[in-house]
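Shown here: coords06.cif, mmCIF, C-alpha atoms.
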```cif
data_work
#
loop_
_atom_site.label_atom_id
_atom_site.label_comp_id
_atom_site.auth_asym_id
_atom_site.auth_seq_id
_atom_site.Cartn_x
_atom_site.Cartn_y
_atom_site.Cartn_z
CA MET A 12 18.53 1.48 -7.92
CA VAL A 13 16.53 3.37 -10.55
CA HIS A 14 12.80 3.82 -9.98
CA GLY A 15 10.00 3.91 -12.53
CA VAL A 16 7.43 6.47 -13.56
CA GLY A 17 5.18 8.26 -11.08
CA PHE A 18 7.47 8.03 -8.04
CA ARG A 19 10.47 9.73 -6.49
CA ASP A 20 13.26 8.44 -4.26
CA LEU A 21 11.63 9.50 -1.03
CA ARG A 22 12.64 8.19 2.36
CA ARG A 23 8.94 7.51 3.06
CA PRO A 24 7.19 5.89 1.41
CA LEU A 25 10.20 4.02 0.04
CA TYR A 26 9.64 2.93 -3.57
CA TRP A 27 11.55 -0.33 -3.09
CA GLY A 28 9.79 -1.43 0.09
CA ARG A 29 11.83 -3.89 2.18
CA ILE A 30 14.28 -4.66 -0.62
CA PRO A 31 17.04 -2.14 0.29
CA SER A 32 17.25 -3.43 3.86
CA ALA A 33 17.57 -6.98 2.57
CA LEU A 34 20.35 -5.99 0.15
CA GLU A 35 22.25 -3.97 2.73
CA SER A 36 22.08 -6.90 5.14
CA ILE A 37 24.22 -8.94 2.72
CA GLY A 38 26.75 -6.14 2.26
CA THR A 39 25.41 -4.43 -0.85
CA GLU A 40 26.20 -0.71 -1.11
CA LEU A 41 23.13 1.07 -2.45
CA PHE A 42 22.59 4.36 -4.25
CA TYR A 43 19.47 5.79 -5.90
CA GLY A 44 18.91 7.40 -9.29
CA GLN A 45 16.96 10.41 -7.96
CA GLN A 46 15.39 11.17 -11.33
CA ASP A 47 11.98 12.82 -11.71
CA CYS A 48 8.56 11.15 -11.55
CA TRP A 49 7.20 12.49 -14.81
CA ALA A 50 9.77 13.47 -17.41
CA ARG A 51 11.03 12.39 -20.80
CA VAL A 52 13.49 9.52 -20.99
CA GLU A 53 16.13 11.92 -22.29
CA ASP A 54 15.70 14.33 -19.38
CA ASN A 55 15.77 11.67 -16.69
CA ALA A 56 18.84 10.16 -18.35
CA LYS A 57 20.67 13.45 -17.85
CA THR A 58 19.85 13.27 -14.13
CA LEU A 59 21.13 9.70 -14.02
CA LYS A 60 24.33 10.74 -15.75
CA ALA A 61 25.01 13.39 -13.13
CA ARG A 62 24.13 10.97 -10.37
CA ILE A 63 26.42 8.21 -11.67
CA ARG A 64 29.29 10.66 -12.02
CA GLN A 65 28.67 11.91 -8.49
CA ILE A 66 28.68 8.37 -7.08
CA SER A 67 31.85 7.56 -9.00
CA ASP A 68 33.67 10.70 -7.88
CA GLU A 69 32.60 10.62 -4.22
CA ASN A 70 33.11 6.90 -3.66
CA GLY A 71 36.07 6.15 -5.90
CA VAL A 72 34.25 3.43 -7.86
CA GLU A 73 35.04 2.83 -11.50
CA LYS A 74 31.68 1.34 -12.45
CA VAL A 75 28.22 0.80 -10.97
CA ASN A 76 25.63 -1.95 -11.40
CA ILE A 77 22.17 -0.59 -12.19
CA ILE A 78 18.96 -2.32 -11.20
CA ALA A 79 16.10 -0.43 -12.83
CA HIS A 80 12.35 -0.93 -12.63
CA SER A 81 9.80 -0.11 -15.35
CA LYS A 82 10.53 3.17 -17.20
CA GLY A 83 13.69 3.50 -15.15
CA GLY A 84 15.17 0.87 -17.44
CA LEU A 85 14.59 3.12 -20.44
CA ASP A 86 16.07 6.12 -18.60
CA SER A 87 19.12 4.00 -17.80
CA ARG A 88 19.52 2.68 -21.34
CA TYR A 89 19.56 6.23 -22.71
CA ALA A 90 22.15 7.37 -20.19
CA ILE A 91 24.36 4.40 -21.09
CA SER A 92 23.97 4.54 -24.87
CA CYS A 93 23.59 8.25 -25.56
CA LEU A 94 25.29 10.12 -22.70
CA GLY A 95 28.55 8.21 -22.36
CA MET A 96 27.67 6.31 -19.19
CA ASP A 97 28.76 3.01 -20.72
CA LYS A 98 32.20 3.89 -19.35
CA TYR A 99 30.78 3.99 -15.81
CA VAL A 100 28.23 1.15 -15.88
CA ALA A 101 29.17 -2.52 -15.58
CA THR A 102 25.70 -4.05 -15.76
CA LEU A 103 22.08 -3.04 -16.32
CA THR A 104 19.38 -5.30 -14.92
CA THR A 105 15.91 -4.18 -15.95
CA ILE A 106 12.86 -5.28 -13.96
CA ASN A 107 9.49 -5.30 -15.80
CA THR A 108 10.71 -2.61 -18.20
CA PRO A 109 8.64 -1.98 -21.36
CA HIS A 110 11.55 -2.10 -23.82
CA TYR A 111 9.07 -2.47 -26.67
CA GLY A 112 6.42 -0.26 -25.20
CA CYS A 113 2.93 -0.74 -23.79
CA ASP A 114 0.21 -1.20 -26.41
CA MET A 115 -2.28 -0.31 -23.70
CA VAL A 116 -0.90 3.23 -23.68
CA ASP A 117 -1.51 3.67 -27.42
CA TYR A 118 -4.96 2.11 -27.06
CA LEU A 119 -5.98 4.56 -24.35
CA LEU A 120 -4.35 7.62 -25.92
CA ALA A 121 -6.35 7.02 -29.09
CA ARG A 122 -9.64 6.87 -27.17
CA VAL A 123 -9.37 9.45 -24.40
CA PRO A 124 -10.58 12.92 -25.52
CA GLU A 125 -7.92 15.60 -25.77
CA GLY A 126 -9.63 17.75 -23.16
CA MET A 127 -9.64 14.87 -20.69
CA LYS A 128 -5.96 14.14 -21.34
CA ASN A 129 -5.08 17.78 -20.71
CA PHE A 130 -7.14 17.83 -17.51
CA ILE A 131 -5.51 14.68 -16.14
CA ALA A 132 -2.04 15.91 -17.11
CA SER A 133 -2.53 19.27 -15.41
CA ARG A 134 -3.69 17.61 -12.19
CA TYR A 135 -0.76 15.19 -12.12
CA ASN A 136 1.74 17.94 -12.95
CA LYS A 137 0.41 20.07 -10.12
CA ILE A 138 0.64 17.22 -7.60
CA PHE A 139 4.13 16.14 -8.58
CA SER A 140 5.52 19.66 -8.68
CA LYS A 141 4.71 19.75 -4.97
CA LEU A 142 6.45 16.39 -4.48
CA GLY A 143 9.71 17.60 -5.95
CA ASP A 144 9.64 17.46 -9.76
CA PRO A 145 10.94 20.85 -10.97
CA SER A 146 9.02 20.67 -14.27
CA PRO A 147 6.76 17.60 -14.29
CA ASP A 148 5.42 16.57 -17.69
CA PHE A 149 2.86 13.80 -17.28
CA MET A 150 2.18 13.34 -20.99
CA ALA A 151 5.90 13.13 -21.81
CA GLY A 152 6.29 10.29 -19.34
CA VAL A 153 3.22 8.51 -20.68
CA ASN A 154 4.21 8.92 -24.33
CA ASP A 155 7.63 7.37 -23.67
CA LEU A 156 5.78 4.17 -22.69
CA SER A 157 3.98 4.04 -26.05
CA ALA A 158 4.60 0.98 -28.23
CA VAL A 159 4.74 3.26 -31.27
CA ARG A 160 7.39 5.42 -29.63
CA ALA A 161 9.33 2.34 -28.51
CA LYS A 162 9.83 1.16 -32.09
CA SER A 163 12.77 3.55 -32.39
CA TYR A 164 14.41 2.72 -29.05
CA ASP A 165 16.72 0.01 -30.38
CA SER A 166 18.19 2.35 -32.98
CA GLU A 167 18.27 5.38 -30.65
CA MET A 168 19.87 3.61 -27.70
CA PRO A 169 21.51 0.36 -28.80
CA ASP A 170 23.20 -1.96 -26.33
CA MET A 171 26.78 -0.87 -25.73
CA PRO A 172 29.77 -3.21 -25.80
CA GLY A 173 31.33 -3.62 -22.39
CA VAL A 174 28.00 -3.35 -20.56
CA SER A 175 26.21 -6.53 -19.52
CA TYR A 176 22.46 -6.33 -20.11
CA ARG A 177 19.98 -8.66 -18.43
CA SER A 178 16.23 -8.49 -17.75
CA CYS A 179 13.51 -9.87 -15.48
CA MET A 180 9.72 -10.00 -15.69
CA SER A 181 6.87 -11.06 -13.42
CA LEU A 182 3.31 -12.05 -14.26
CA MET A 183 -0.09 -11.62 -12.68
CA SER A 184 -2.22 -14.75 -12.90
CA LYS A 185 -5.59 -12.99 -12.76
CA ALA A 186 -7.09 -9.52 -12.41
CA THR A 187 -7.60 -9.90 -8.66
CA SER A 188 -3.85 -10.39 -8.19
CA ALA A 189 -3.60 -6.59 -7.79
CA GLY A 190 -5.75 -3.59 -7.03
CA PHE A 191 -6.62 -0.58 -9.20
CA PRO A 192 -5.28 0.38 -11.73
CA LEU A 193 -3.20 -2.76 -12.35
CA ASN A 194 -6.29 -4.99 -12.25
CA ILE A 195 -7.84 -3.01 -15.12
CA GLY A 196 -4.51 -2.92 -16.94
CA TYR A 197 -4.18 -6.67 -16.63
CA LEU A 198 -7.52 -7.30 -18.36
CA LEU A 199 -6.86 -4.81 -21.14
CA ILE A 200 -3.30 -5.99 -21.85
CA LYS A 201 -4.41 -9.63 -21.73
CA LYS A 202 -6.82 -8.82 -24.53
CA LEU A 203 -4.23 -6.85 -26.53
CA ASN A 204 -1.06 -8.87 -25.94
CA GLY A 205 -1.49 -11.78 -23.56
CA ARG A 206 0.34 -12.47 -20.29
CA ASN A 207 1.33 -9.36 -18.31
CA ASP A 208 1.99 -7.76 -14.91
CA GLY A 209 -0.81 -5.19 -15.07
CA LEU A 210 1.24 -2.64 -17.00
CA VAL A 211 3.84 -4.42 -19.16
CA TRP A 212 3.25 -7.45 -21.34
CA GLU A 213 5.56 -10.41 -21.24
CA ASN A 214 7.64 -10.00 -24.41
CA SER A 215 8.10 -6.25 -24.00
CA ALA A 216 10.31 -6.90 -20.96
CA ARG A 217 12.60 -9.45 -22.66
CA ARG A 218 15.99 -7.95 -23.41
CA GLY A 219 19.67 -8.67 -22.94
CA GLU A 220 21.91 -11.68 -22.63
CA SER A 221 19.79 -13.33 -19.94
CA PHE A 222 16.11 -13.21 -19.00
CA LYS A 223 14.38 -14.38 -15.81
CA MET A 224 10.65 -14.96 -15.57
CA VAL A 225 9.00 -14.73 -12.14
CA GLU A 226 5.96 -16.95 -11.80
CA THR A 227 4.38 -18.49 -8.71
CA ALA A 228 2.82 -21.90 -8.37
CA LYS A 229 -0.06 -20.26 -6.55
CA LYS A 230 -2.86 -18.25 -8.15
CA ARG A 231 -1.68 -14.94 -6.66
CA GLY A 232 0.92 -14.01 -9.30
CA VAL A 233 3.39 -11.10 -9.01
CA SER A 234 2.27 -7.69 -10.28
CA HIS A 235 4.18 -4.66 -11.54
CA GLY A 236 4.02 -3.26 -8.01
CA ASP A 237 4.72 -6.54 -6.22
CA ILE A 238 8.08 -6.92 -7.98
CA ILE A 239 9.35 -3.83 -6.13
CA ASP A 240 7.59 -4.69 -2.86
CA LEU A 241 5.42 -1.61 -3.22
CA MET A 242 2.76 -2.84 -0.78
CA ARG A 243 5.18 -4.70 1.59
CA GLU A 244 3.08 -7.82 1.12
CA ASN A 245 4.28 -11.38 1.70
CA ILE A 246 3.36 -13.43 -1.37
CA GLU A 247 3.07 -17.20 -1.07
CA GLY A 248 5.62 -18.84 -3.34
CA PHE A 249 7.67 -15.66 -3.93
CA ASP A 250 10.05 -13.79 -1.64
CA VAL A 251 10.84 -10.44 -3.26
CA ARG A 252 13.76 -9.80 -0.89
CA GLU A 253 15.32 -13.11 -1.78
CA PHE A 254 14.78 -12.36 -5.47
CA TYR A 255 16.88 -9.17 -5.31
CA ALA A 256 19.46 -10.76 -3.02
CA ASP A 257 19.93 -13.45 -5.67
CA ILE A 258 20.45 -10.78 -8.34
CA ALA A 259 23.13 -9.10 -6.22
CA ALA A 260 24.78 -12.43 -5.39
CA GLU A 261 24.90 -13.42 -9.05
CA LEU A 262 26.49 -10.10 -10.01
CA LYS A 263 29.13 -10.56 -7.33
CA GLN A 264 29.77 -14.15 -8.38
CA GLN A 265 30.29 -13.01 -11.96
CA GLY A 266 32.86 -10.44 -10.88
CA TYR A 267 30.72 -7.33 -11.04
#
```

Using C-alpha cells, write down the structure from this file.
Amino acid sequence: MVHGVGFRDLRRPLYWGRIPSALESIGTELFYGQQDCWARVEDNAKTLKARIRQISDENGVEKVNIIAHSKGGLDSRYAISCLGMDKYVATLTTINTPHYGCDMVDYLLARVPEGMKNFIASRYNKIFSKLGDPSPDFMAGVNDLSAVRAKSYDSEMPDMPGVSYRSCMSLMSKATSAGFPLNIGYLLIKKLNGRNDGLVWENSARRGESFKMVETAKKRGVSHGDIIDLMRENIEGFDVREFYADIAAELKQQGY
C-alpha cells in the first residue's frame, strides 16, 4: 500500500482508514511503502525500491502487488520503470493518481506570488520535518503534480512488460461532497477540466489495461479522500472496504 502526498505511514491516524483491517480479514498480507510526505517522485521511488527489496528478502516473496493512491502511483511507476523494480512487482493498481497531472496546480502556481509560495513551503517543510520527513520539500511534491511536468512522464517511466497496470478513479458529484480544500478544488477543476474528485480530474487517472470508475447513484459522490477512507465515513451507495476487497480478490483470481 503506497500513500499519496502530504501523509506518512503512521499507526495513528492511519492513512487508509478501515481498509487494512478489511483486507487482512480476508487473508491479505499487507505492507506499506513508508515513503516521505513531501519529496520528489524520484526520491520517494528510491525509498520504495529499498522497501520492496526488504519485503522480498524478509518474506521470501518473488513479487508484490502495489495498490497506490494519488502521487503514490507516480512514485511507484518510477520505481518500476527506472529503478529495476519491474522484476519484483507483479501488478500496479493506481487509485485516483494524476498520471497526466493536475491543471489546477499549474493554474495556482502561475497566480500565487513567489513570496507567498515560499512562505507556505517553509511552513509545511517545518511541520513535516517534525512528523518524520528527513528533508521535506513541499514545492518539489507540488511540482510533480503539475500537468506541464506530467507531459514527460510517459517517456520517462513507460509501462514495463511483465507488470500488469490497472487504474481506478472516483468522482465527487458536487462541491459539498467534501470539505476544504477538496470542495474548492472540485469547483476549480470542474471549470478547467470537468468531472473530478476534488484534486484529480477524470481522464488524468485513466491508465493501464483496465480502468474502474467509482460513481454513486446518490448525490454524495466519492472524493479524493473518501476513496482511501480518510474520514472513516460510511457513504450511501459505496462501501470503500468492499471496493478494496474486490481489488484483492480479483488479483488473487487472476493468479497474482

Given the PyMOL selection byres ((chain A and resi 172-187) around 7) and the file above, list the residues it selects as a PDB file with C-alpha atoms, in the frame of the given file.
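Full text of out-v3.pdb as output:
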```
ATOM      1  CA  ASP A  97      28.760   3.010 -20.720  1.00  0.00           C
ATOM      2  CA  VAL A 100      28.230   1.150 -15.880  1.00  0.00           C
ATOM      3  CA  ALA A 101      29.170  -2.520 -15.580  1.00  0.00           C
ATOM      4  CA  THR A 102      25.700  -4.050 -15.760  1.00  0.00           C
ATOM      5  CA  LEU A 103      22.080  -3.040 -16.320  1.00  0.00           C
ATOM      6  CA  THR A 104      19.380  -5.300 -14.920  1.00  0.00           C
ATOM      7  CA  THR A 105      15.910  -4.180 -15.950  1.00  0.00           C
ATOM      8  CA  ILE A 106      12.860  -5.280 -13.960  1.00  0.00           C
ATOM      9  CA  ASN A 107       9.490  -5.300 -15.800  1.00  0.00           C
ATOM     10  CA  ASP A 170      23.200  -1.960 -26.330  1.00  0.00           C
ATOM     11  CA  MET A 171      26.780  -0.870 -25.730  1.00  0.00           C
ATOM     12  CA  SER A 188      -3.850 -10.390  -8.190  1.00  0.00           C
ATOM     13  CA  ALA A 189      -3.600  -6.590  -7.790  1.00  0.00           C
ATOM     14  CA  GLY A 190      -5.750  -3.590  -7.030  1.00  0.00           C
ATOM     15  CA  ASN A 194      -6.290  -4.990 -12.250  1.00  0.00           C
ATOM     16  CA  TYR A 197      -4.180  -6.670 -16.630  1.00  0.00           C
ATOM     17  CA  LEU A 198      -7.520  -7.300 -18.360  1.00  0.00           C
ATOM     18  CA  ARG A 206       0.340 -12.470 -20.290  1.00  0.00           C
ATOM     19  CA  ASN A 207       1.330  -9.360 -18.310  1.00  0.00           C
ATOM     20  CA  ASP A 208       1.990  -7.760 -14.910  1.00  0.00           C
ATOM     21  CA  GLY A 209      -0.810  -5.190 -15.070  1.00  0.00           C
ATOM     22  CA  GLU A 213       5.560 -10.410 -21.240  1.00  0.00           C
ATOM     23  CA  ALA A 216      10.310  -6.900 -20.960  1.00  0.00           C
ATOM     24  CA  ARG A 217      12.600  -9.450 -22.660  1.00  0.00           C
ATOM     25  CA  ARG A 218      15.990  -7.950 -23.410  1.00  0.00           C
ATOM     26  CA  GLY A 219      19.670  -8.670 -22.940  1.00  0.00           C
ATOM     27  CA  GLU A 220      21.910 -11.680 -22.630  1.00  0.00           C
ATOM     28  CA  SER A 221      19.790 -13.330 -19.940  1.00  0.00           C
ATOM     29  CA  PHE A 222      16.110 -13.210 -19.000  1.00  0.00           C
ATOM     30  CA  LYS A 223      14.380 -14.380 -15.810  1.00  0.00           C
ATOM     31  CA  MET A 224      10.650 -14.960 -15.570  1.00  0.00           C
ATOM     32  CA  VAL A 225       9.000 -14.730 -12.140  1.00  0.00           C
ATOM     33  CA  GLU A 226       5.960 -16.950 -11.800  1.00  0.00           C
ATOM     34  CA  LYS A 230      -2.860 -18.250  -8.150  1.00  0.00           C
ATOM     35  CA  ARG A 231      -1.680 -14.940  -6.660  1.00  0.00           C
ATOM     36  CA  GLY A 232       0.920 -14.010  -9.300  1.00  0.00           C
ATOM     37  CA  VAL A 233       3.390 -11.100  -9.010  1.00  0.00           C
ATOM     38  CA  SER A 234       2.270  -7.690 -10.280  1.00  0.00           C
ATOM     39  CA  ILE A 238       8.080  -6.920  -7.980  1.00  0.00           C
TER      40      ILE A 238
END
```

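Comparing the minimum interatomic distances between Asp240 of chain A and each of A:Lys137, A:Lys98, A:Lys57, A:Arg252, counting only C-alpha atoms, we find that A:Arg252 sits nearest.
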
Check: Which neighbours of Phe18 of chain A fall inside 8 Å, counting all atoms listed in the file, when residues of the same chain fewer than 5 positions from it are skipped, and could you give them as an MDAnalysis selection string?
Finding: chainID A and resid 26 47:48

Checklist line | Interatomic distance (Å, one decimal) between atom CA of Phe254 of chain A and atom CA of Val72 of chain A | finding: 25.2 Å

Checklist line | Non-local contacts of Tyr118 of chain A (12 Å; all atoms listed in the file; under 4 positions in same chain excluded) as a VMD selection string | finding: chain A and resid 112 to 114 122 to 123 154 156 to 159 196 199 to 200 202 to 204

Now that the selection is made, can you save its residues with C-alpha atoms as a short mmCIF file (atom, residue, chain, number, x, y, z; two decimals), in the coordinates of the input?
```
data_model
loop_
_atom_site.label_atom_id
_atom_site.label_comp_id
_atom_site.auth_asym_id
_atom_site.auth_seq_id
_atom_site.Cartn_x
_atom_site.Cartn_y
_atom_site.Cartn_z
CA GLY A 112 6.42 -0.26 -25.20
CA CYS A 113 2.93 -0.74 -23.79
CA ASP A 114 0.21 -1.20 -26.41
CA ARG A 122 -9.64 6.87 -27.17
CA VAL A 123 -9.37 9.45 -24.40
CA ASN A 154 4.21 8.92 -24.33
CA LEU A 156 5.78 4.17 -22.69
CA SER A 157 3.98 4.04 -26.05
CA ALA A 158 4.60 0.98 -28.23
CA VAL A 159 4.74 3.26 -31.27
CA GLY A 196 -4.51 -2.92 -16.94
CA LEU A 199 -6.86 -4.81 -21.14
CA ILE A 200 -3.30 -5.99 -21.85
CA LYS A 202 -6.82 -8.82 -24.53
CA LEU A 203 -4.23 -6.85 -26.53
CA ASN A 204 -1.06 -8.87 -25.94
#
```

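Proximity to Glu247 of chain A at 9 Å, evaluated using only C-alpha atoms and with sequence-adjacent residues fewer than 4 positions away removed, yields Thr227, Ala228, Lys229 and Arg231 of chain A.
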
Next item on the list: Given the file shown, enumerate the residues that the PyMOL selection byres ((chain A and resi 50-52) around 9) captures and present them as a ChimeraX atom specification.
Entry: /A:16,46-49,53-57,82-83,85-87,89-90,144,146-155

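Around the point (8.0, -2.4, -19.5), within 6 Å and counting all atoms listed in the file, we find these residues: Ser81, Asn107, Thr108, Pro109, His110, Val211, Ser215 and Ala216 of chain A.
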
Next item on the list: To one decimal in Å, tell me the separation between atom CA of Phe130 of chain A and atom CA of Asp117 of chain A.
Entry: 18.2 Å

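The closest residue to Arg29 of chain A, picked from A:Leu241, A:Ala61, A:Ile138, A:Ile195 and counting only C-alpha atoms, is A:Leu241.
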
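What separates atom CA of Tyr267 of chain A from atom CA of Leu41 of chain A is a distance of 14.2 Å.
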
Check: Could you pull the residues within 12 Å of Ser36 of chain A, counting all atoms listed in the file, minus those fewer than 6 positions along the same chain, as a ChimeraX atom specification?
Finding: /A:29-30,252-253,255-256,259

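If you measure from each of A:Gly17, A:Asp237, A:Ile63, A:Gly266 to Phe249 of chain A using only C-alpha atoms, the closest one turns out to be A:Asp237.
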
Margin query: Could you check the closest approach to Asp257 of chain A for each of A:Ser92, A:Thr39, A:Asn245, A:Asn214 and tell me which residue wins, using all atoms listed in the file?
Written below: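 Using all atoms listed in the file, the shortest distance to Asp257 of chain A belongs to A:Thr39.
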
Note to self: Could you check the closest approach to Ser163 of chain A for each of A:Gly205, A:Val75, A:Ser140, A:Tyr111 and tell me which residue wins, using all atoms listed in the file?
What the structure shows: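 That would be A:Tyr111, the residue with the smallest distance to Ser163 of chain A.
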